[in-house]
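Asks: Structure supplied as data_34.cif; contents: mmCIF, C-alpha atoms.
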data_start
loop_
_atom_site.label_atom_id
_atom_site.label_comp_id
_atom_site.auth_asym_id
_atom_site.auth_seq_id
_atom_site.Cartn_x
_atom_site.Cartn_y
_atom_site.Cartn_z
CA MET U 21 -10.42 -13.20 -8.41
CA ASN U 22 -8.82 -12.47 -11.75
CA GLY U 23 -9.93 -8.85 -11.73
CA ALA U 24 -8.59 -5.63 -13.16
CA HIS U 25 -6.98 -4.83 -9.79
CA ASP U 26 -4.40 -7.57 -10.40
CA LEU U 27 -2.32 -5.31 -12.60
CA GLY U 28 1.22 -6.69 -12.44
CA GLY U 29 2.60 -7.20 -15.94
CA MET U 30 -0.26 -5.58 -17.88
CA HIS U 31 0.62 -3.48 -20.91
CA GLY U 32 -0.89 -0.48 -22.61
CA LEU U 33 -1.93 1.53 -19.58
CA GLY U 34 0.08 4.57 -20.60
CA PRO U 35 2.78 6.71 -19.01
CA ILE U 36 2.94 7.25 -15.25
CA ASN U 37 3.12 11.05 -15.48
CA PRO U 38 3.80 11.62 -11.78
CA GLU U 39 2.90 14.98 -10.29
CA PRO U 40 6.05 16.61 -8.91
CA GLU U 41 6.49 15.53 -5.30
CA ASN U 42 6.48 19.03 -3.84
CA GLU U 43 3.37 20.06 -5.78
CA GLU U 44 1.03 17.14 -5.13
CA PRO U 45 -1.63 17.81 -2.49
CA TRP U 46 -2.65 15.04 -0.07
CA PHE U 47 -6.12 15.08 -1.57
CA HIS U 48 -7.37 16.29 -4.93
CA GLY U 49 -10.61 17.89 -3.89
CA ASP U 50 -12.79 17.85 -0.82
CA TRP U 51 -14.77 14.78 -1.91
CA GLU U 52 -11.60 12.63 -1.74
CA LYS U 53 -11.04 13.69 1.88
CA ARG U 54 -14.56 12.74 2.84
CA VAL U 55 -14.42 9.37 1.03
CA PHE U 56 -11.10 8.57 2.71
CA ALA U 57 -12.34 9.55 6.17
CA MET U 58 -15.73 7.84 5.79
CA THR U 59 -13.96 4.64 4.75
CA LEU U 60 -11.70 4.68 7.80
CA ALA U 61 -14.47 5.73 10.19
CA SER U 62 -16.88 3.08 8.88
CA GLY U 63 -14.14 0.49 9.23
CA MET U 64 -13.87 1.46 12.90
CA LEU U 65 -17.43 0.15 13.41
CA GLY U 66 -15.87 -3.32 13.40
CA GLN U 67 -18.24 -4.85 10.86
CA TRP U 68 -15.54 -5.90 8.39
CA ASN U 69 -11.77 -6.24 8.14
CA ILE U 70 -9.18 -4.75 5.78
CA ASP U 71 -9.27 -7.79 3.49
CA THR U 72 -13.06 -7.63 3.13
CA SER U 73 -12.58 -3.98 2.34
CA ARG U 74 -9.95 -4.63 -0.36
CA HIS U 75 -12.13 -7.33 -1.86
CA ALA U 76 -15.11 -4.94 -1.99
CA ARG U 77 -12.99 -2.50 -4.01
CA GLU U 78 -11.73 -5.09 -6.45
CA ARG U 79 -15.20 -6.57 -7.06
CA GLN U 80 -15.95 -4.20 -9.91
CA ASN U 81 -16.45 -4.67 -13.61
CA PRO U 82 -12.84 -4.51 -14.89
CA ALA U 83 -13.76 -1.66 -17.23
CA ASP U 84 -15.12 0.34 -14.29
CA TYR U 85 -12.10 -0.47 -12.12
CA LEU U 86 -9.71 0.83 -14.75
CA ASN U 87 -11.77 3.95 -15.42
CA HIS U 88 -12.15 4.89 -11.76
CA SER U 89 -9.74 7.14 -9.92
CA TYR U 90 -8.56 5.56 -6.69
CA TYR U 91 -11.02 7.31 -4.40
CA GLU U 92 -13.88 6.48 -6.77
CA THR U 93 -12.91 2.87 -6.23
CA TRP U 94 -12.87 3.46 -2.47
CA LEU U 95 -16.32 5.01 -2.69
CA ALA U 96 -17.66 2.07 -4.70
CA GLY U 97 -16.15 -0.31 -2.14
CA LEU U 98 -17.56 1.59 0.83
CA GLU U 99 -21.09 1.69 -0.60
CA LYS U 100 -20.92 -2.04 -1.18
CA LEU U 101 -19.68 -2.75 2.36
CA LEU U 102 -22.37 -0.58 3.95
CA VAL U 103 -25.18 -2.36 2.11
CA GLU U 104 -23.74 -5.89 2.38
CA ASN U 105 -23.25 -5.47 6.11
CA ASN U 106 -26.76 -4.09 6.54
CA LEU U 107 -25.69 -0.70 7.82
CA VAL U 108 -27.68 1.08 5.11
CA THR U 109 -30.13 -0.28 2.56
CA ALA U 110 -29.68 -0.03 -1.21
CA ASP U 111 -32.77 2.20 -1.29
CA GLU U 112 -31.31 4.55 1.32
CA LEU U 113 -28.10 4.72 -0.67
CA ALA U 114 -30.03 5.55 -3.83
CA SER U 115 -32.24 8.19 -2.21
CA GLY U 116 -29.62 9.60 0.18
CA LYS U 117 -32.32 9.67 2.88
CA ALA U 118 -32.57 7.49 5.96
CA ASP U 119 -35.63 5.26 6.02
CA THR U 120 -37.00 5.02 9.56
CA ASN U 121 -38.53 1.64 8.71
CA ALA U 122 -35.25 0.15 7.44
CA LYS U 123 -34.19 -2.89 9.45
CA THR U 124 -30.52 -1.97 9.47
CA LYS U 125 -28.09 -2.71 12.31
CA THR U 126 -28.33 -0.44 15.31
CA GLY U 127 -26.52 -0.02 18.60
CA LEU U 128 -23.03 0.20 17.12
CA THR U 129 -20.32 2.09 18.97
CA ILE U 130 -19.42 5.15 16.90
CA PRO U 131 -15.90 6.51 17.45
CA GLY U 132 -15.87 10.19 18.33
CA PRO U 133 -13.14 12.70 17.48
CA GLY U 134 -11.37 11.94 20.76
CA ASP U 135 -11.24 8.21 20.00
CA VAL U 136 -9.71 8.53 16.53
CA PRO U 137 -6.04 9.20 17.40
CA LYS U 138 -5.71 6.15 19.64
CA ILE U 139 -7.52 3.91 17.13
CA LEU U 140 -5.18 5.03 14.33
CA GLU U 141 -2.17 4.65 16.61
CA LYS U 142 -3.19 1.14 17.61
CA GLY U 143 -3.43 0.07 13.95
CA GLY U 144 -4.35 -3.48 13.08
CA PRO U 145 -1.44 -5.88 13.48
CA SER U 146 -1.96 -8.95 11.30
CA VAL U 147 0.12 -11.42 13.35
CA ARG U 148 -1.79 -14.28 14.96
CA ALA U 149 -0.82 -17.15 17.28
CA PRO U 150 0.66 -19.92 15.10
CA ASN U 151 -1.03 -23.33 15.06
CA SER U 152 1.81 -25.08 13.22
CA GLU U 153 5.49 -24.88 12.36
CA PRO U 154 6.48 -23.16 9.09
CA VAL U 155 7.14 -25.68 6.31
CA PHE U 156 9.61 -23.50 4.42
CA GLY U 157 12.55 -21.35 5.39
CA PRO U 158 15.02 -18.94 3.78
CA GLY U 159 16.86 -20.44 0.80
CA VAL U 160 14.19 -23.04 0.03
CA PRO U 161 12.89 -23.18 -3.58
CA VAL U 162 9.11 -23.04 -3.91
CA LYS U 163 6.56 -22.91 -6.69
CA VAL U 164 3.40 -20.80 -6.55
CA VAL U 165 0.26 -22.87 -6.88
CA ASN U 166 -1.78 -22.44 -10.05
CA ILE U 167 -5.01 -21.12 -8.56
CA HIS U 168 -7.77 -18.97 -10.02
CA PRO U 169 -10.16 -18.42 -7.13
CA THR U 170 -13.26 -16.32 -7.81
CA GLY U 171 -12.89 -14.84 -4.31
CA HIS U 172 -10.10 -12.73 -2.85
CA THR U 173 -6.47 -13.76 -3.14
CA ARG U 174 -3.18 -11.99 -2.54
CA ALA U 175 -1.24 -14.28 -4.88
CA PRO U 176 -0.86 -12.08 -7.98
CA ARG U 177 -1.52 -13.74 -11.32
CA TYR U 178 1.98 -13.01 -12.58
CA THR U 179 3.49 -15.25 -9.89
CA ARG U 180 1.23 -18.29 -10.32
CA GLY U 181 2.96 -21.41 -11.54
CA HIS U 182 6.36 -19.77 -11.18
CA GLN U 183 9.31 -20.91 -9.15
CA GLY U 184 10.97 -18.68 -6.61
CA MET U 185 13.11 -18.91 -3.52
CA VAL U 186 12.04 -18.11 0.02
CA SER U 187 14.10 -15.13 1.15
CA ALA U 188 12.57 -14.51 4.57
CA TYR U 189 9.98 -15.83 7.01
CA HIS U 190 7.65 -13.13 8.36
CA GLY U 191 5.70 -15.10 10.94
CA PHE U 192 2.12 -16.30 11.19
CA HIS U 193 -0.25 -13.70 9.72
CA VAL U 194 -3.94 -13.43 8.91
CA PHE U 195 -4.53 -15.16 5.57
CA PRO U 196 -6.41 -12.63 3.41
CA ASP U 197 -7.69 -15.26 0.95
CA LYS U 198 -9.83 -16.51 3.86
CA SER U 199 -10.29 -13.44 6.04
CA ALA U 200 -11.76 -11.42 3.15
CA HIS U 201 -14.66 -13.86 3.40
CA GLY U 202 -14.90 -13.89 7.20
CA PRO U 203 -12.65 -16.33 9.07
CA ASP U 204 -9.73 -14.76 10.92
CA ASP U 205 -7.49 -17.74 10.11
CA GLY U 206 -3.75 -17.32 9.88
CA ALA U 207 -1.01 -18.89 7.79
CA HIS U 208 2.78 -18.70 7.67
CA LEU U 209 3.94 -15.74 5.58
CA TYR U 210 7.10 -15.65 3.49
CA SER U 211 8.93 -13.26 1.25
CA VAL U 212 9.64 -15.08 -2.02
CA TRP U 213 12.23 -13.93 -4.56
CA PHE U 214 11.52 -14.42 -8.28
CA THR U 215 14.02 -13.58 -10.98
CA ALA U 216 12.71 -11.37 -13.80
CA ASP U 217 13.63 -14.12 -16.25
CA GLU U 218 11.44 -16.63 -14.38
CA LEU U 219 8.45 -14.27 -14.35
CA TRP U 220 8.72 -12.56 -17.72
CA GLY U 221 10.76 -14.93 -19.84
CA ASN U 222 13.81 -14.76 -22.01
CA GLY U 223 15.23 -11.35 -22.48
CA ALA U 224 14.43 -10.12 -18.99
CA PRO U 225 17.58 -8.62 -17.47
CA GLU U 226 19.59 -10.91 -15.20
CA THR U 227 19.97 -8.08 -12.73
CA GLU U 228 16.25 -7.74 -11.96
CA GLY U 229 13.77 -9.58 -9.81
CA VAL U 230 10.71 -9.24 -7.63
CA PHE U 231 10.07 -10.07 -3.99
CA VAL U 232 6.47 -11.06 -3.32
CA ASP U 233 4.92 -11.85 0.08
CA LEU U 234 3.06 -15.13 -0.14
CA TRP U 235 1.38 -17.37 2.42
CA GLU U 236 2.09 -21.06 2.85
CA PRO U 237 -1.14 -22.18 1.08
CA HIS U 238 0.13 -20.30 -1.99
CA LEU U 239 3.32 -22.33 -2.13
CA ASP U 240 4.29 -25.86 -3.05
CA PRO U 241 7.68 -27.42 -2.41
CA VAL U 242 9.45 -27.64 -5.75
CA ALA U 243 10.13 -31.38 -5.37
CA LEU U 244 6.39 -32.07 -5.32
CA TRP U 245 5.77 -30.29 -8.61
CA PRO U 246 3.93 -31.27 -10.74
CA ARG U 247 1.38 -32.90 -8.49
CA MET F 13 -4.12 18.17 -13.55
CA PRO F 14 -1.62 18.19 -16.38
CA HIS F 15 0.30 15.19 -15.01
CA ASP F 16 -2.55 12.80 -14.69
CA GLY F 17 -5.08 11.26 -17.03
CA HIS F 18 -7.89 12.20 -14.65
CA ASP F 19 -8.76 15.70 -13.56
CA HIS F 20 -8.94 15.22 -9.81
CA THR F 21 -9.43 18.82 -8.83
CA ASP F 22 -12.70 19.10 -10.69
CA PRO F 23 -14.75 15.97 -10.13
CA PRO F 24 -17.97 15.44 -12.00
CA PRO F 25 -20.64 17.28 -10.01
CA GLU F 26 -22.61 14.06 -9.57
CA LEU F 27 -19.62 12.48 -7.82
CA ALA F 28 -19.25 15.32 -5.31
CA LEU F 29 -23.01 15.18 -4.72
CA ARG F 30 -22.94 11.41 -4.26
CA VAL F 31 -20.24 11.78 -1.61
CA LYS F 32 -22.12 14.55 0.19
CA ALA F 33 -25.31 12.48 0.10
CA LEU F 34 -23.50 9.46 1.52
CA GLU F 35 -22.02 11.46 4.38
CA SER F 36 -25.33 13.04 5.31
CA LEU F 37 -26.97 9.59 5.20
CA LEU F 38 -24.31 8.07 7.45
CA VAL F 39 -24.57 10.99 9.87
CA GLU F 40 -28.38 10.79 9.87
CA LYS F 41 -28.21 7.08 10.64
CA GLY F 42 -25.70 7.69 13.41
CA LEU F 43 -22.96 5.63 11.75
CA VAL F 44 -20.25 8.28 11.58
CA ASP F 45 -19.46 11.38 13.58
CA PRO F 46 -18.48 14.22 11.22
CA ALA F 47 -16.07 15.56 13.83
CA ALA F 48 -14.29 12.18 13.79
CA LEU F 49 -14.00 12.45 10.01
CA ASP F 50 -12.35 15.86 10.42
CA VAL F 51 -9.81 14.39 12.86
CA ILE F 52 -8.98 11.58 10.43
CA ILE F 53 -8.43 14.06 7.59
CA ASP F 54 -6.38 16.39 9.77
CA THR F 55 -4.17 13.48 10.87
CA TYR F 56 -3.24 12.52 7.31
CA GLU F 57 -2.98 16.09 6.03
CA HIS F 58 -0.89 17.49 8.86
CA LYS F 59 0.48 14.88 11.28
CA VAL F 60 1.74 12.01 9.13
CA GLY F 61 4.02 12.43 6.16
CA PRO F 62 7.38 11.68 4.57
CA ARG F 63 9.23 13.90 7.03
CA ASN F 64 8.78 10.97 9.44
CA GLY F 65 10.56 8.67 7.00
CA ALA F 66 13.24 11.29 6.31
CA GLU F 67 14.00 11.39 10.02
CA VAL F 68 14.36 7.60 10.06
CA VAL F 69 16.68 7.61 7.04
CA ALA F 70 18.89 10.48 8.22
CA LYS F 71 19.24 8.84 11.61
CA ALA F 72 20.21 5.55 9.95
CA TRP F 73 22.81 7.41 7.86
CA THR F 74 24.46 8.94 10.92
CA ASP F 75 23.91 6.46 13.74
CA PRO F 76 25.35 2.95 13.14
CA GLU F 77 23.48 1.41 16.06
CA TYR F 78 20.19 2.79 14.82
CA HIS F 79 21.04 1.60 11.33
CA GLU F 80 21.56 -1.92 12.64
CA LEU F 81 18.25 -1.88 14.50
CA LEU F 82 16.43 -0.48 11.46
CA MET F 83 17.73 -3.19 9.16
CA SER F 84 16.96 -6.00 11.62
CA ASP F 85 13.66 -4.74 13.09
CA ALA F 86 12.32 -1.70 11.26
CA THR F 87 9.00 -1.78 13.14
CA ALA F 88 10.81 -1.32 16.45
CA ALA F 89 13.23 1.24 15.03
CA VAL F 90 10.41 3.39 13.65
CA GLU F 91 8.20 3.00 16.72
CA GLY F 92 11.19 4.12 18.76
CA LEU F 93 10.86 7.53 17.10
CA GLY F 94 7.17 7.63 17.97
CA TYR F 95 5.76 6.71 14.59
CA LEU F 96 3.36 3.88 14.99
CA GLY F 97 -0.06 2.76 13.95
CA ARG F 98 -2.15 2.04 10.95
CA GLN F 99 -0.33 0.77 7.84
CA GLY F 100 2.98 0.67 9.69
CA GLU F 101 2.36 -2.32 11.93
CA HIS F 102 4.96 -4.53 10.21
CA LEU F 103 7.81 -2.62 8.60
CA VAL F 104 10.84 -3.79 6.65
CA ALA F 105 13.66 -1.46 5.62
CA VAL F 106 15.49 -2.24 2.37
CA GLU F 107 18.69 -0.42 1.60
CA ASN F 108 20.02 1.00 -1.65
CA SER F 109 23.70 1.09 -2.55
CA ASP F 110 25.79 1.47 -5.69
CA LYS F 111 25.18 -2.27 -6.31
CA VAL F 112 21.51 -2.71 -5.37
CA HIS F 113 18.45 -0.57 -6.00
CA ASN F 114 15.11 -1.31 -4.31
CA LEU F 115 11.71 -0.20 -5.59
CA VAL F 116 8.36 -0.62 -3.83
CA VAL F 117 4.95 -1.21 -5.43
CA CYS F 118 1.58 -2.73 -4.59
CA THR F 119 0.33 -4.34 -7.78
CA LEU F 120 -2.97 -5.47 -6.21
CA CYS F 121 -4.08 -2.25 -4.48
CA SER F 122 -2.21 0.60 -2.80
CA CYS F 123 -0.34 -0.81 0.23
CA TYR F 124 2.13 1.79 1.45
CA PRO F 125 3.90 2.55 4.75
CA TRP F 126 1.61 5.33 6.04
CA THR F 127 3.41 5.85 9.35
CA VAL F 128 6.63 6.91 7.66
CA LEU F 129 5.46 8.29 4.29
CA GLY F 130 1.86 9.39 4.82
CA LEU F 131 -0.75 8.61 2.18
CA PRO F 132 0.49 7.45 -1.22
CA PRO F 133 0.65 9.81 -4.21
CA VAL F 134 -1.83 9.34 -7.06
CA TRP F 135 0.79 7.80 -9.37
CA TYR F 136 1.65 5.09 -6.82
CA LYS F 137 -1.99 3.94 -6.87
CA SER F 138 -2.32 4.26 -10.64
CA ALA F 139 -2.60 1.42 -13.14
CA PRO F 140 0.46 2.51 -15.19
CA TYR F 141 2.81 2.30 -12.18
CA ARG F 142 1.28 -0.83 -10.65
CA SER F 143 1.34 -2.73 -13.94
CA ARG F 144 4.90 -1.98 -14.99
CA ALA F 145 6.90 -1.62 -11.76
CA VAL F 146 7.24 -5.42 -11.57
CA SER F 147 7.79 -6.17 -15.27
CA ASP F 148 9.81 -3.14 -16.39
CA PRO F 149 11.27 -1.48 -13.30
CA ARG F 150 14.11 0.22 -15.20
CA GLY F 151 11.64 1.69 -17.67
CA VAL F 152 9.57 2.98 -14.76
CA LEU F 153 12.63 4.52 -13.13
CA VAL F 154 13.48 6.36 -16.34
CA GLU F 155 10.04 7.99 -16.22
CA PHE F 156 11.13 9.48 -12.89
CA GLY F 157 14.43 10.59 -14.40
CA THR F 158 16.36 7.85 -12.61
CA GLU F 159 18.93 6.03 -14.76
CA LEU F 160 20.86 3.22 -13.12
CA ASP F 161 24.06 1.60 -14.36
CA GLU F 162 23.41 -1.71 -16.12
CA ASP F 163 25.20 -3.73 -13.45
CA VAL F 164 23.05 -2.40 -10.61
CA GLU F 165 20.68 -5.09 -9.38
CA VAL F 166 17.05 -3.93 -9.25
CA ARG F 167 14.92 -5.49 -6.53
CA VAL F 168 11.20 -4.80 -6.69
CA TRP F 169 9.06 -5.34 -3.59
CA ASP F 170 5.40 -6.12 -4.33
CA SER F 171 3.49 -5.30 -1.12
CA THR F 172 1.03 -8.19 -1.21
CA SER F 173 0.82 -8.71 2.58
CA GLU F 174 0.65 -6.40 5.61
CA MET F 175 4.45 -6.09 5.54
CA ARG F 176 5.29 -2.51 4.55
CA TYR F 177 8.53 -1.66 2.79
CA LEU F 178 10.60 1.48 3.30
CA VAL F 179 13.53 2.12 0.97
CA ILE F 180 16.62 3.56 2.64
CA PRO F 181 18.25 5.53 -0.19
CA ALA F 182 22.04 5.60 -0.44
CA ARG F 183 23.58 8.54 1.38
CA PRO F 184 24.69 11.02 -1.29
CA GLU F 185 28.37 11.67 -1.81
CA GLY F 186 29.69 14.96 -0.54
CA THR F 187 27.67 14.91 2.68
CA GLU F 188 30.47 13.90 5.03
CA GLY F 189 30.13 15.74 8.29
CA TRP F 190 26.54 16.86 7.63
CA SER F 191 24.23 16.94 10.62
CA GLU F 192 21.26 14.60 10.85
CA GLU F 193 18.93 17.61 10.53
CA ASP F 194 20.59 18.80 7.32
CA LEU F 195 20.60 15.30 5.86
CA ARG F 196 16.83 15.01 6.30
CA GLY F 197 16.45 17.67 3.63
CA LEU F 198 18.00 15.31 1.06
CA VAL F 199 15.56 12.50 1.73
CA THR F 200 12.55 12.81 -0.56
CA ARG F 201 9.38 10.75 -0.44
CA ASN F 202 10.17 9.37 -3.89
CA SER F 203 13.61 8.24 -2.76
CA MET F 204 11.95 6.23 0.03
CA ILE F 205 9.63 4.53 -2.47
CA GLY F 206 12.71 3.89 -4.60
CA VAL F 207 11.75 5.71 -7.80
CA GLU F 208 14.45 8.33 -7.27
CA LEU F 209 17.79 8.69 -5.52
CA ALA F 210 18.27 10.97 -2.53
CA ARG F 211 18.87 14.59 -3.55
CA SER F 212 22.36 15.67 -4.37
CA PRO F 213 23.90 18.19 -1.95
CA ASP F 214 24.87 20.33 -4.97
CA VAL F 215 21.22 20.77 -5.90
CA VAL F 216 20.21 21.60 -2.37
CA GLY F 217 23.15 24.01 -2.02
CA THR F 218 21.97 26.11 -4.94
CA GLU F 219 18.56 26.53 -3.33
CA THR F 220 19.71 28.03 -0.05
#
Show me, as structure tokens, the structure contained in the file I just sent.
Replies:
Amino acid sequence: MNGAHDLGGMHGLGPINPEPENEEPWFHGDWEKRVFAMTLASGMLGQWNIDTSRHARERQNPADYLNHSYYETWLAGLEKLLVENNLVTADELASGKADTNAKTKTGLTIPGPGDVPKILEKGGPSVRAPNSEPVFGPGVPVKVVNIHPTGHTRAPRYTRGHQGMVSAYHGFHVFPDKSAHGPDDGAHLYSVWFTADELWGNGAPETEGVFVDLWEPHLDPVALWPR
Amino acid sequence: MPHDGHDHTDPPPELALRVKALESLLVEKGLVDPAALDVIIDTYEHKVGPRNGAEVVAKAWTDPEYHELLMSDATAAVEGLGYLGRQGEHLVAVENSDKVHNLVVCTLCSCYPWTVLGLPPVWYKSAPYRSRAVSDPRGVLVEFGTELDEDVEVRVWDSTSEMRYLVIPARPEGTEGWSEEDLRGLVTRNSMIGVELARSPDVVGTET
């Protein structure tokens, strides 16, 4: 979706103003800790994947997205996931009280404190068994497809329609554009190099460029363009 | 918070209340165990952080075999030191030199190599950094006090997949003969994101 989360190349958002590295706490306030931990713990219930989760966070009114601090966006995403996956009802969320008559999912396995370290250590590798051979390889020129899906995509707007060169093949990975909406399908994943001039036009320094990870469905062979 | 547009230390009371209400609801419905939440928080406050990455970098600076492994298979090299898990499943190390400077961003969200750097700082997740790191990387670097020579090639890595990028800063001059342990002290978090260079030994020398 062309949401406010897709920030690459936007102007006018102000200075970065980083907090000094040795002064910045891991969390700014207790509520951030709880939002972070609730998001991870709820994810461990196995009702959604990381792409669904990212998509829940980006599905906000762009004005809200830009006004929210990062953990406010996580909170908004978590509330959405809980309701959409029928773990809590919208009424329960609004009242803050469990409704004993609510027909929400039950019988889920809840990780305890002893389970957490091994779950975090295991992580969630995104590699899947390939069902095809990769079409591209390092050194091959490619063009990013001009797509504007209303669902989730990991092809940033600033790359669409632009030509780059495959710099590396990363293997067959879960394809977030699909998995955010359910299916655990994979696709070949590449690192694609774009020169700054290609992305941002004349005047961009020759000594700059961006590597972007893109999946095969995001890429067309240059010879086939325009189709 | 003088360095940030938002005041994170003092959230609106309704936000703190909303979070408390959500937690009590989830606990009441048996969906989360508060003790598990405490373990998650403790892990990312105390057990994971940029000292992991500093160990990786200092080892790569001093051990050619490890350096070779890191550059060819960073996931294996980092797991070999015991740092594995969430948001570090697929790692790539990219190396800075006097010719090339690498910078990491996630324009779409906040992807970051947790196993080696811990959780990302606020600025890394902020709209100003995410918007401009790809289109004006040199301008971004200047905001961190990092000025590169014009002929240095700047390579920005937009973390759009589950690949996670770790910048290996250039080893500072004047550190010949330093031990791996001492070198770790020069490797900052920001240098491993690529917004700064590793610390100069002169600066560190004046502190001790």
Asks: Please report as a PDB file with C-alpha atoms, in the coordinates of the input which residues of chain U come no farther than 6 Å from chain F, using only C-alpha atoms.
Replies:
ATOM      1  CA  HIS U  25      -6.980  -4.830  -9.790  1.00  0.00           C
ATOM      2  CA  ASP U  26      -4.400  -7.570 -10.400  1.00  0.00           C
ATOM      3  CA  LEU U  27      -2.320  -5.310 -12.600  1.00  0.00           C
ATOM      4  CA  GLY U  28       1.220  -6.690 -12.440  1.00  0.00           C
ATOM      5  CA  GLY U  29       2.600  -7.200 -15.940  1.00  0.00           C
ATOM      6  CA  MET U  30      -0.260  -5.580 -17.880  1.00  0.00           C
ATOM      7  CA  LEU U  33      -1.930   1.530 -19.580  1.00  0.00           C
ATOM      8  CA  GLY U  34       0.080   4.570 -20.600  1.00  0.00           C
ATOM      9  CA  ILE U  36       2.940   7.250 -15.250  1.00  0.00           C
ATOM     10  CA  ASN U  37       3.120  11.050 -15.480  1.00  0.00           C
ATOM     11  CA  PRO U  38       3.800  11.620 -11.780  1.00  0.00           C
ATOM     12  CA  GLU U  39       2.900  14.980 -10.290  1.00  0.00           C
ATOM     13  CA  HIS U  48      -7.370  16.290  -4.930  1.00  0.00           C
ATOM     14  CA  GLY U  49     -10.610  17.890  -3.890  1.00  0.00           C
ATOM     15  CA  TRP U  51     -14.770  14.780  -1.910  1.00  0.00           C
ATOM     16  CA  ALA U  57     -12.340   9.550   6.170  1.00  0.00           C
ATOM     17  CA  GLY U 116     -29.620   9.600   0.180  1.00  0.00           C
ATOM     18  CA  LYS U 117     -32.320   9.670   2.880  1.00  0.00           C
ATOM     19  CA  GLY U 132     -15.870  10.190  18.330  1.00  0.00           C
ATOM     20  CA  PRO U 133     -13.140  12.700  17.480  1.00  0.00           C
ATOM     21  CA  LEU U 140      -5.180   5.030  14.330  1.00  0.00           C
ATOM     22  CA  GLU U 141      -2.170   4.650  16.610  1.00  0.00           C
ATOM     23  CA  LYS U 142      -3.190   1.140  17.610  1.00  0.00           C
ATOM     24  CA  GLY U 143      -3.430   0.070  13.950  1.00  0.00           C
ATOM     25  CA  PRO U 145      -1.440  -5.880  13.480  1.00  0.00           C
ATOM     26  CA  ARG U 174      -3.180 -11.990  -2.540  1.00  0.00           C
ATOM     27  CA  THR U 227      19.970  -8.080 -12.730  1.00  0.00           C
ATOM     28  CA  GLU U 228      16.250  -7.740 -11.960  1.00  0.00           C
ATOM     29  CA  GLY U 229      13.770  -9.580  -9.810  1.00  0.00           C
ATOM     30  CA  VAL U 230      10.710  -9.240  -7.630  1.00  0.00           C
ATOM     31  CA  PHE U 231      10.070 -10.070  -3.990  1.00  0.00           C
ATOM     32  CA  VAL U 232       6.470 -11.060  -3.320  1.00  0.00           C
ATOM     33  CA  ASP U 233       4.920 -11.850   0.080  1.00  0.00           C
TER      34      ASP U 233
END
Asks: Pick the closest to Glu91 of chain F from F:Asp161, F:Tyr177, F:Asn64, F:Leu209: which is it, counting all atoms listed in the file?
Replies: F:Asn64
Asks: Kindly give the distance, in Å, that separates atom CA of Pro203 of chain U and atom CA of Gly191 of chain U, rounded to a single decimal.
Replies: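 Calculated distance between atom CA of Pro203 of chain U and atom CA of Gly191 of chain U is 18.5 Å.
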Asks: Which residues come within 8 Å of Tyr189 of chain U, counting only C-alpha atoms, excluding same-chain residues fewer than 5 positions away, as a list in words?
Replies: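 Result of the neighbour search: Gly157, Pro158, His208, Leu209, Tyr210 and Ser211 of chain U.
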Asks: One decimal, in Å: what's the spacing between atom CA of Asn42 of chain U and atom CA of Leu198 of chain F?
Replies: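 Atom CA of Leu198 of chain F lies 13.1 Å from atom CA of Asn42 of chain U.
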Asks: Report as a list in words the full result of the PyMOL selection byres ((chain U and resi 96) around 10) when it is applied to this structure.
Replies: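 Given this file, the PyMOL selection byres ((chain U and resi 96) around 10) evaluates to Val55, Ala76, Arg77, Glu78, Arg79, Gln80, Tyr85, His88, Tyr90, Tyr91, Glu92, Thr93, Trp94, Leu95, Gly97, Leu98, Glu99, Lys100 and Leu101 of chain U.
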Asks: If we count only C-alpha atoms and set the cut-off at 9 Å, which residues sit around Leu178 of chain F, ignoring sequence neighbours fewer than 4 positions away in its own chain? Please answer as number ranges by chain.
Replies: F: 65, 86, 103-107, 116, 124-125, 128-129, 204-206
Asks: I would like the residues chosen by the PyMOL selection byres ((chain F and resi 199) around 12) on the shown file; could you give them as a compact mmCIF listing (two decimals) with C-alpha atoms, in the frame of the given file?
Replies:
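New file out_27.txt:
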# COMPACT_ATOMS: atom_id res chain seq x y z
CA GLU U 41 6.49 15.53 -5.30
CA PRO F 62 7.38 11.68 4.57
CA ARG F 63 9.23 13.90 7.03
CA ASN F 64 8.78 10.97 9.44
CA GLY F 65 10.56 8.67 7.00
CA ALA F 66 13.24 11.29 6.31
CA GLU F 67 14.00 11.39 10.02
CA VAL F 68 14.36 7.60 10.06
CA VAL F 69 16.68 7.61 7.04
CA ALA F 70 18.89 10.48 8.22
CA LYS F 71 19.24 8.84 11.61
CA ALA F 72 20.21 5.55 9.95
CA TRP F 73 22.81 7.41 7.86
CA LEU F 129 5.46 8.29 4.29
CA VAL F 179 13.53 2.12 0.97
CA ILE F 180 16.62 3.56 2.64
CA PRO F 181 18.25 5.53 -0.19
CA ALA F 182 22.04 5.60 -0.44
CA ARG F 183 23.58 8.54 1.38
CA PRO F 184 24.69 11.02 -1.29
CA GLU F 192 21.26 14.60 10.85
CA GLU F 193 18.93 17.61 10.53
CA ASP F 194 20.59 18.80 7.32
CA LEU F 195 20.60 15.30 5.86
CA ARG F 196 16.83 15.01 6.30
CA GLY F 197 16.45 17.67 3.63
CA LEU F 198 18.00 15.31 1.06
CA THR F 200 12.55 12.81 -0.56
CA ARG F 201 9.38 10.75 -0.44
CA ASN F 202 10.17 9.37 -3.89
CA SER F 203 13.61 8.24 -2.76
CA MET F 204 11.95 6.23 0.03
CA ILE F 205 9.63 4.53 -2.47
CA GLY F 206 12.71 3.89 -4.60
CA GLU F 208 14.45 8.33 -7.27
CA LEU F 209 17.79 8.69 -5.52
CA ALA F 210 18.27 10.97 -2.53
CA ARG F 211 18.87 14.59 -3.55
CA SER F 212 22.36 15.67 -4.37
CA PRO F 213 23.90 18.19 -1.95
CA VAL F 216 20.21 21.60 -2.37
